[in-house]
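A short worksheet on the structure shown next.
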Amino acid sequence: MSIDLTTRYGGLVLKSPIVVGACQLTAEEMLRIAMISAGAGALVLPSLQEDQVILWNEQHGHLVATPVDPTTNHDHVLEAAHRWPTETSWENAEGYLELVRRVSSQQTIPIIASLNGKCGAHWLAFAQALQLAGASAIELHVRHAPPGQYAAPREIEDELVETASQLHAMLEIPLFMKLGRDYTSVSHLVRQLQWAAQGVVLFGQSPDVDISLDSFQVTNRWGLSHPGSISNSLAAILCVRDFCPEMSLAASGGIGSSSDLIKALLVGADVAMITSAIYRDGPTVIGTLLEGLIKFMESHKLMNLAELKTKRRLMFEADQDRFGYFKSTASQFESALVRCTNRVMESDPWGHPRAPR
């Protein structure tokens with residue numbers, strides 16, 4: 001039985017539902033060849049940061065209105081980039097365009113350019129340049145200004161929708177918005193975006209925040225997502241798909257096994273983005289995930305991904321969700337009660353543990 005893994009992602013036709021997410025690995029030619037050979041449906045190039053786009057705008061005479069938010073104005077962004085430089089395989093925005101031209105002309109699968117920053121106005125002219133360079137689509141990850149710069153959460157979301165709308169008006173290629181979790185309602189935001197974006201990525205990775213008890217310094221720690229942690233996003237993806245079925249979805253973060261891939265597709269994702277799994281296991285992990293997906297489909301007599309979609313579950317009803325919570329806690333009540341009772345009996349009247357006799 002021949003299984004067809006062809007899928008659509010925001011208008012792009014992919015040979016498989018695995019997309020390699022934005023990372024430095026996709027800038028390396030030998031790794032790109034290996035990823036495509038293993039079965040990747042599309043590649044997202046590393047993200048170009050906002051400071052390089054600002055310099056490109058200045059060199060090409062593209063005037064951008066000064067943002068109200070001081071953290072997004074030209075000087076602040078450039079100064080921050082100077083203090084915390086990022087090492088890349090290109091020197092500037094022109095070098096990134098050359099990367100897009102070269103990769104798009106060499107590869108046989110869609111190549112998606114990636115932009116990352118705070119102010120959407122900075123990217124308008126450059127997005128057109130990416131389109132002319134041959135990018136199949138653009139993925140945009142917006143990092144918002146601090147909450148104090150906004151009067152209400154709605155302003156944050158309206159700004160994001162306005163940015164997407166401006167880019168959509170200037171582009172003929174798909175625009176994908178990469179969203180974080182910290183919105184009032186991701187489902188409602190996606191519905192607003194459906195008129196401007198062709199797809200959304202759920203979710204962009206955030207660093208782990210920690211604080212040193214010695215120096216009192218707050219630190220950000222970036223690391224690889226753990227296999228299976230996509231389970232933390234399944235409910236949100238299911239909710240978005242149920243509320244906005246017209247939007248194309250990409251599941252991202254913690255897809256490290258065939259089971260993770262299958263679950264992401266079953267809750268509503270059209271594609272699954274993987275990055276950490278490739279850092280851990282190399283490009284061949286793509287083939288391993290797809291082999292597991294094919295075996296699963298064969299065992300359920302599913303010929304293509306359209307048939308797999310018919311197995312998707314509907315959103316849980318509120319009462320069903322509540323019943324599941326009480327059933328789960330009730331099943332653990334008895335053993336917890338025994339542990340707590342024993343702990344009390346082994347303590348003095350003030351709750352201090354007694355030494356065993």
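We name chains A, B, ... following the order of the structure tokens; residues begin at 1 in each chain, and ligands are numbered from 1 as shown.
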
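Residues within 10 Å of Asp4 of chain A, counting only C-alpha atoms and excluding same-chain residues fewer than 4 positions away, are Lys15, Ser16, Ile294, Met297, Leu302, Met303, Asn304, Leu305 and Ala306 of chain A.
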
Just the residues within 12 Å of Glu307 of chain A, please, counting only C-alpha atoms, with nothing from its chain fewer than 4 positions along; format it as a short mmCIF file (atom, residue, chain, number, x, y, z; two decimals) with C-alpha atoms, in the first residue's frame.
```
data_model
loop_
_atom_site.label_atom_id
_atom_site.label_comp_id
_atom_site.auth_asym_id
_atom_site.auth_seq_id
_atom_site.Cartn_x
_atom_site.Cartn_y
_atom_site.Cartn_z
CA ILE A 3 0.94 6.13 1.45
CA ASP A 4 0.70 9.70 0.18
CA LEU A 5 2.16 12.19 2.69
CA THR A 6 1.52 15.28 0.56
CA THR A 7 0.05 18.15 2.53
CA LEU A 265 -1.51 16.10 13.07
CA LEU A 266 -4.52 14.57 14.80
CA MET A 297 -1.40 5.03 8.70
CA GLU A 298 -0.94 1.54 7.25
CA HIS A 300 -5.35 2.09 10.28
CA LYS A 301 -5.73 1.64 6.50
CA LEU A 302 -5.30 5.35 5.80
CA MET A 303 -4.03 6.14 2.31
CA LYS A 311 -9.86 10.87 12.51
CA ARG A 312 -9.38 14.20 14.24
#
```

Within 8 Å of Ile237 of chain A using only C-alpha atoms, minus same-chain residues under 3 positions, as an MDAnalysis selection string: chainID A and resid 202 233:234 240:241 249 251 267:269

Write the residues of the preceding selection, restricted to C-alpha atoms, as a compact mmCIF listing (two decimals), in the first residue's frame.
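selection_30.txt, freshly written:
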```
# COMPACT_ATOMS: atom_id res chain seq x y z
CA LEU A 202 2.07 27.36 17.46
CA SER A 233 0.49 22.45 23.24
CA LEU A 234 -2.03 19.87 22.01
CA VAL A 240 -7.46 27.00 17.62
CA ARG A 241 -8.34 24.44 14.96
CA LEU A 249 -1.51 25.46 11.48
CA ALA A 251 2.78 22.61 15.50
CA VAL A 267 -5.27 17.68 16.88
CA GLY A 268 -5.27 19.91 13.81
CA ALA A 269 -1.76 20.79 12.62
```

Gap from atom CA of Gly10 of chain A to atom CA of His188 of chain A - Å, one decimal: 18.6 Å

Taking only segment 111-249 of chain A into account, list the residues labelled helix (DSSP H, G or I) by DSSP (computed from the backbone), as a compact mmCIF listing (two decimals) with N, CA, C and O atoms, in the first residue's frame.
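Saved as part31.txt:
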```
# COMPACT_ATOMS: atom_id res chain seq x y z
N GLY A 120 7.00 46.11 13.05
CA GLY A 120 6.63 45.62 11.72
C GLY A 120 6.97 46.57 10.60
O GLY A 120 7.24 46.15 9.47
N ALA A 121 6.96 47.87 10.88
CA ALA A 121 7.24 48.85 9.82
C ALA A 121 8.63 48.68 9.24
O ALA A 121 8.88 49.00 8.07
N HIS A 122 9.56 48.15 10.01
CA HIS A 122 10.92 47.96 9.53
C HIS A 122 11.01 46.92 8.42
O HIS A 122 11.96 46.92 7.63
N TRP A 123 10.05 46.00 8.36
CA TRP A 123 10.20 44.84 7.47
C TRP A 123 9.50 44.99 6.13
O TRP A 123 9.63 44.13 5.26
N LEU A 124 8.72 46.04 5.92
CA LEU A 124 7.85 46.10 4.75
C LEU A 124 8.63 46.02 3.44
O LEU A 124 8.35 45.18 2.58
N ALA A 125 9.60 46.90 3.25
CA ALA A 125 10.37 46.90 2.01
C ALA A 125 11.22 45.64 1.90
O ALA A 125 11.35 45.06 0.81
N PHE A 126 11.78 45.20 3.01
CA PHE A 126 12.66 44.03 2.96
C PHE A 126 11.87 42.75 2.65
O PHE A 126 12.38 41.85 2.00
N ALA A 127 10.62 42.67 3.09
CA ALA A 127 9.80 41.51 2.78
C ALA A 127 9.62 41.37 1.27
O ALA A 127 9.65 40.26 0.73
N GLN A 128 9.45 42.49 0.60
CA GLN A 128 9.34 42.45 -0.87
C GLN A 128 10.66 41.98 -1.48
O GLN A 128 10.65 41.23 -2.47
N ALA A 129 11.77 42.40 -0.90
CA ALA A 129 13.07 41.97 -1.41
C ALA A 129 13.24 40.45 -1.24
O ALA A 129 13.81 39.78 -2.10
N LEU A 130 12.75 39.92 -0.13
CA LEU A 130 12.81 38.47 0.08
C LEU A 130 11.98 37.74 -0.97
O LEU A 130 12.37 36.67 -1.47
N GLN A 131 10.84 38.30 -1.30
CA GLN A 131 9.99 37.69 -2.32
C GLN A 131 10.70 37.67 -3.67
O GLN A 131 10.71 36.64 -4.37
N LEU A 132 11.32 38.78 -4.03
CA LEU A 132 12.06 38.86 -5.29
C LEU A 132 13.26 37.92 -5.30
O LEU A 132 13.67 37.43 -6.36
N ALA A 133 13.83 37.67 -4.11
CA ALA A 133 15.00 36.78 -4.02
C ALA A 133 14.62 35.32 -4.20
O ALA A 133 15.51 34.47 -4.36
N PRO A 147 4.90 45.33 28.37
CA PRO A 147 3.48 45.63 28.55
C PRO A 147 3.19 47.08 28.91
O PRO A 147 2.13 47.61 28.57
N GLY A 148 4.15 47.74 29.57
CA GLY A 148 3.93 49.13 29.98
C GLY A 148 3.77 50.09 28.82
O GLY A 148 3.29 51.21 29.00
N GLN A 149 4.16 49.66 27.61
CA GLN A 149 4.02 50.52 26.43
C GLN A 149 2.62 50.46 25.84
O GLN A 149 2.32 51.19 24.88
N PRO A 153 -4.35 44.85 26.62
CA PRO A 153 -3.89 43.71 25.80
C PRO A 153 -4.35 43.80 24.35
O PRO A 153 -3.65 43.34 23.44
N ARG A 154 -5.52 44.38 24.14
CA ARG A 154 -6.05 44.47 22.77
C ARG A 154 -5.10 45.25 21.86
O ARG A 154 -4.99 44.96 20.65
N GLU A 155 -4.39 46.24 22.41
CA GLU A 155 -3.47 47.02 21.59
C GLU A 155 -2.33 46.15 21.06
O GLU A 155 -1.87 46.34 19.92
N ILE A 156 -1.87 45.21 21.87
CA ILE A 156 -0.79 44.31 21.44
C ILE A 156 -1.25 43.48 20.26
O ILE A 156 -0.55 43.35 19.24
N GLU A 157 -2.45 42.93 20.37
CA GLU A 157 -2.96 42.07 19.31
C GLU A 157 -3.30 42.87 18.07
O GLU A 157 -3.07 42.42 16.94
N ASP A 158 -3.87 44.06 18.25
CA ASP A 158 -4.18 44.91 17.10
C ASP A 158 -2.92 45.28 16.33
O ASP A 158 -2.92 45.34 15.09
N GLU A 159 -1.84 45.54 17.06
CA GLU A 159 -0.56 45.87 16.43
C GLU A 159 -0.06 44.71 15.58
O GLU A 159 0.44 44.89 14.46
N LEU A 160 -0.19 43.50 16.12
CA LEU A 160 0.24 42.31 15.39
C LEU A 160 -0.59 42.12 14.12
O LEU A 160 -0.05 41.83 13.04
N VAL A 161 -1.90 42.28 14.24
CA VAL A 161 -2.79 42.12 13.08
C VAL A 161 -2.49 43.19 12.04
O VAL A 161 -2.47 42.91 10.82
N GLU A 162 -2.22 44.42 12.48
CA GLU A 162 -1.90 45.50 11.55
C GLU A 162 -0.60 45.21 10.80
O GLU A 162 -0.50 45.44 9.59
N THR A 163 0.39 44.69 11.51
CA THR A 163 1.66 44.32 10.86
C THR A 163 1.43 43.26 9.80
O THR A 163 1.95 43.37 8.67
N ALA A 164 0.66 42.24 10.14
CA ALA A 164 0.37 41.17 9.18
C ALA A 164 -0.39 41.72 7.98
O ALA A 164 -0.12 41.34 6.83
N SER A 165 -1.32 42.62 8.22
CA SER A 165 -2.12 43.19 7.13
C SER A 165 -1.25 44.01 6.18
O SER A 165 -1.42 43.94 4.96
N GLN A 166 -0.33 44.80 6.73
CA GLN A 166 0.55 45.59 5.89
C GLN A 166 1.45 44.71 5.02
O GLN A 166 1.65 44.98 3.83
N LEU A 167 1.99 43.66 5.62
CA LEU A 167 2.84 42.74 4.85
C LEU A 167 2.03 41.99 3.80
O LEU A 167 2.48 41.81 2.66
N HIS A 168 0.84 41.56 4.16
CA HIS A 168 -0.01 40.82 3.23
C HIS A 168 -0.32 41.66 1.99
O HIS A 168 -0.36 41.14 0.87
N ALA A 169 -0.52 42.96 2.19
CA ALA A 169 -0.86 43.85 1.07
C ALA A 169 0.31 44.00 0.10
O ALA A 169 0.10 44.37 -1.06
N MET A 170 1.53 43.72 0.56
CA MET A 170 2.71 43.93 -0.27
C MET A 170 3.27 42.63 -0.85
O MET A 170 4.19 42.66 -1.68
N VAL A 186 -5.48 33.07 22.13
CA VAL A 186 -4.80 32.75 20.88
C VAL A 186 -5.81 32.44 19.78
O VAL A 186 -5.65 32.83 18.63
N SER A 187 -6.89 31.75 20.13
CA SER A 187 -7.89 31.37 19.14
C SER A 187 -8.52 32.59 18.48
O SER A 187 -8.68 32.66 17.26
N HIS A 188 -8.90 33.58 19.28
CA HIS A 188 -9.49 34.80 18.72
C HIS A 188 -8.47 35.59 17.90
O HIS A 188 -8.82 36.18 16.86
N LEU A 189 -7.22 35.60 18.34
CA LEU A 189 -6.18 36.29 17.59
C LEU A 189 -5.98 35.63 16.22
O LEU A 189 -5.85 36.32 15.21
N VAL A 190 -5.96 34.31 16.19
CA VAL A 190 -5.79 33.60 14.91
C VAL A 190 -6.95 33.91 13.97
O VAL A 190 -6.74 34.09 12.77
N ARG A 191 -8.15 34.00 14.49
CA ARG A 191 -9.28 34.35 13.64
C ARG A 191 -9.11 35.74 13.04
O ARG A 191 -9.44 35.97 11.87
N GLN A 192 -8.57 36.68 13.81
CA GLN A 192 -8.30 38.01 13.27
C GLN A 192 -7.21 37.97 12.19
O GLN A 192 -7.25 38.71 11.22
N LEU A 193 -6.24 37.09 12.38
CA LEU A 193 -5.12 37.00 11.45
C LEU A 193 -5.46 36.29 10.14
O LEU A 193 -4.70 36.41 9.17
N SER A 231 2.99 17.75 23.95
CA SER A 231 1.73 17.47 24.66
C SER A 231 1.23 18.70 25.41
O SER A 231 0.03 18.85 25.64
N ASN A 232 2.16 19.61 25.77
CA ASN A 232 1.75 20.83 26.46
C ASN A 232 1.01 21.79 25.53
O ASN A 232 0.37 22.74 26.00
N SER A 233 1.11 21.56 24.22
CA SER A 233 0.49 22.45 23.24
C SER A 233 -0.73 21.84 22.56
O SER A 233 -1.44 22.54 21.83
N LEU A 234 -0.97 20.55 22.75
CA LEU A 234 -2.03 19.87 22.01
C LEU A 234 -3.40 20.49 22.25
O LEU A 234 -4.18 20.69 21.32
N ALA A 235 -3.70 20.82 23.51
CA ALA A 235 -5.01 21.40 23.82
C ALA A 235 -5.19 22.74 23.12
O ALA A 235 -6.26 23.04 22.58
N ALA A 236 -4.12 23.57 23.12
CA ALA A 236 -4.21 24.88 22.48
C ALA A 236 -4.38 24.76 20.97
O ALA A 236 -5.17 25.48 20.36
N ILE A 237 -3.64 23.84 20.35
CA ILE A 237 -3.77 23.63 18.90
C ILE A 237 -5.17 23.14 18.57
O ILE A 237 -5.80 23.59 17.60
N LEU A 238 -5.67 22.22 19.38
CA LEU A 238 -7.02 21.69 19.18
C LEU A 238 -8.05 22.81 19.27
O LEU A 238 -8.99 22.89 18.46
N CYS A 239 -7.87 23.70 20.23
CA CYS A 239 -8.80 24.80 20.43
C CYS A 239 -8.78 25.76 19.24
O CYS A 239 -9.83 26.19 18.76
N VAL A 240 -7.58 26.09 18.76
CA VAL A 240 -7.46 27.00 17.62
C VAL A 240 -8.08 26.37 16.38
O VAL A 240 -8.82 27.03 15.63
N ARG A 241 -7.78 25.11 16.13
CA ARG A 241 -8.34 24.44 14.96
C ARG A 241 -9.86 24.37 15.02
O ARG A 241 -10.56 24.58 14.03
N ASP A 242 -10.40 24.15 16.22
CA ASP A 242 -11.85 24.07 16.38
C ASP A 242 -12.50 25.43 16.15
O ASP A 242 -13.58 25.53 15.57
N PHE A 243 -11.83 26.50 16.61
CA PHE A 243 -12.41 27.84 16.53
C PHE A 243 -12.17 28.49 15.17
O PHE A 243 -12.96 29.32 14.72
```

Which of segment 140-195 of chain A DSSP labels strand (DSSP E or B), written as a PyMOL selection string: chain A and resi 140-142+175-179

Those residues you just picked out, can you put them in a file as an mmCIF file, in the first residue's frame with all heavy atoms?
```
data_model
loop_
_atom_site.group_PDB
_atom_site.id
_atom_site.type_symbol
_atom_site.label_atom_id
_atom_site.label_comp_id
_atom_site.auth_asym_id
_atom_site.auth_seq_id
_atom_site.Cartn_x
_atom_site.Cartn_y
_atom_site.Cartn_z
ATOM 1 N N LEU A 140 7.173 35.218 10.195
ATOM 2 C CA LEU A 140 7.432 36.416 10.985
ATOM 3 C C LEU A 140 7.194 36.140 12.458
ATOM 4 O O LEU A 140 6.117 35.698 12.853
ATOM 5 C CB LEU A 140 6.517 37.553 10.524
ATOM 6 C CG LEU A 140 6.624 38.888 11.271
ATOM 7 C CD1 LEU A 140 8.026 39.458 11.151
ATOM 8 C CD2 LEU A 140 5.597 39.875 10.738
ATOM 9 N N HIS A 141 8.224 36.386 13.274
ATOM 10 C CA HIS A 141 8.115 36.216 14.718
ATOM 11 C C HIS A 141 8.273 37.591 15.362
ATOM 12 O O HIS A 141 9.366 38.168 15.368
ATOM 13 C CB HIS A 141 9.202 35.267 15.226
ATOM 14 C CG HIS A 141 9.028 34.877 16.656
ATOM 15 N ND1 HIS A 141 9.941 34.102 17.343
ATOM 16 C CD2 HIS A 141 8.044 35.146 17.539
ATOM 17 C CE1 HIS A 141 9.531 33.925 18.591
ATOM 18 N NE2 HIS A 141 8.381 34.562 18.721
ATOM 19 N N VAL A 142 7.173 38.122 15.889
ATOM 20 C CA VAL A 142 7.180 39.454 16.480
ATOM 21 C C VAL A 142 7.450 39.357 17.974
ATOM 22 O O VAL A 142 6.766 38.622 18.694
ATOM 23 C CB VAL A 142 5.840 40.170 16.243
ATOM 24 C CG1 VAL A 142 5.837 41.542 16.924
ATOM 25 C CG2 VAL A 142 5.580 40.322 14.752
ATOM 26 N N LEU A 175 2.367 34.359 4.038
ATOM 27 C CA LEU A 175 2.926 34.920 5.264
ATOM 28 C C LEU A 175 2.488 34.047 6.429
ATOM 29 O O LEU A 175 1.290 33.796 6.606
ATOM 30 C CB LEU A 175 2.434 36.347 5.474
ATOM 31 C CG LEU A 175 2.799 37.009 6.813
ATOM 32 C CD1 LEU A 175 4.306 37.211 6.921
ATOM 33 C CD2 LEU A 175 2.059 38.331 6.992
ATOM 34 N N PHE A 176 3.447 33.585 7.207
ATOM 35 C CA PHE A 176 3.165 32.769 8.387
ATOM 36 C C PHE A 176 3.553 33.556 9.635
ATOM 37 O O PHE A 176 4.659 34.087 9.718
ATOM 38 C CB PHE A 176 3.946 31.451 8.349
ATOM 39 C CG PHE A 176 3.648 30.612 7.127
ATOM 40 C CD1 PHE A 176 4.681 30.170 6.312
ATOM 41 C CD2 PHE A 176 2.352 30.276 6.804
ATOM 42 C CE1 PHE A 176 4.427 29.408 5.192
ATOM 43 C CE2 PHE A 176 2.075 29.510 5.676
ATOM 44 C CZ PHE A 176 3.111 29.072 4.870
ATOM 45 N N MET A 177 2.659 33.613 10.599
ATOM 46 C CA MET A 177 2.923 34.333 11.846
ATOM 47 C C MET A 177 3.259 33.317 12.937
ATOM 48 O O MET A 177 2.501 32.369 13.176
ATOM 49 C CB MET A 177 1.700 35.148 12.256
ATOM 50 C CG MET A 177 1.248 36.155 11.216
ATOM 51 S SD MET A 177 2.488 37.423 10.833
ATOM 52 C CE MET A 177 2.467 38.361 12.368
ATOM 53 N N LYS A 178 4.386 33.525 13.592
ATOM 54 C CA LYS A 178 4.810 32.646 14.678
ATOM 55 C C LYS A 178 4.372 33.272 15.992
ATOM 56 O O LYS A 178 4.815 34.360 16.351
ATOM 57 C CB LYS A 178 6.325 32.460 14.646
ATOM 58 C CG LYS A 178 6.840 31.307 15.493
ATOM 59 C CD LYS A 178 8.297 31.042 15.183
ATOM 60 C CE LYS A 178 8.791 29.766 15.868
ATOM 61 N NZ LYS A 178 10.197 29.462 15.506
ATOM 62 N N LEU A 179 3.485 32.594 16.702
ATOM 63 C CA LEU A 179 2.878 33.159 17.904
ATOM 64 C C LEU A 179 3.433 32.513 19.162
ATOM 65 O O LEU A 179 3.755 31.327 19.173
ATOM 66 C CB LEU A 179 1.360 32.960 17.873
ATOM 67 C CG LEU A 179 0.606 33.533 16.667
ATOM 68 C CD1 LEU A 179 -0.881 33.267 16.814
ATOM 69 C CD2 LEU A 179 0.880 35.023 16.506
#
```

Distance criterion (only C-alpha atoms): nearest to Ile274 of chain A out of A:Ile230, A:Leu290, A:Ile255, A:Leu224: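 Selected residue with least distance to Ile274 of chain A: A:Ile255.
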
If you take only C-alpha atoms and a cut-off of 8 Å, which residues of segment 84-155 of chain A touch segment 42-62 of chain A, and what are their nearest atom pairs and distances in Å to one decimal, in chain and number order, as a tab-separated table?
```
residue	atom	partner	partner_atom	distance
A:Asn92	CA	A:Gln52	CA	5.8
A:Ala93	CA	A:Gln52	CA	5.4
A:Glu94	CA	A:Trp56	CA	7.3
A:Tyr96	CA	A:Leu48	CA	7.3
A:Ile109	CA	A:Ala42	CA	5.6
A:Pro110	CA	A:Ala42	CA	5.0
A:Ile111	CA	A:Leu43	CA	5.2
A:Ile112	CA	A:Val44	CA	4.6
A:Ala113	CA	A:Leu45	CA	5.3
A:Ser114	CA	A:Ser47	CA	4.5
A:Leu115	CA	A:Leu48	CA	5.0
A:Asn116	CA	A:Gln49	CA	5.1
A:Gly117	CA	A:Glu50	CA	4.9
A:Lys118	CA	A:Glu50	CA	7.4
A:His122	CA	A:Ile54	CA	6.3
A:Trp123	CA	A:Val53	CA	6.8
A:Ala125	CA	A:His62	CA	7.3
A:Phe126	CA	A:Val53	CA	7.0
A:Glu139	CA	A:Val44	CA	7.9
```

Atom-to-atom span, atom CA of Gly11 of chain A and atom CA of Lys263 of chain A, Å: 22.5 Å

Computed interatomic separation between atom CA of Arg8 of chain A and atom CA of Gly199 of chain A (Å):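 The value is 10.5 Å.
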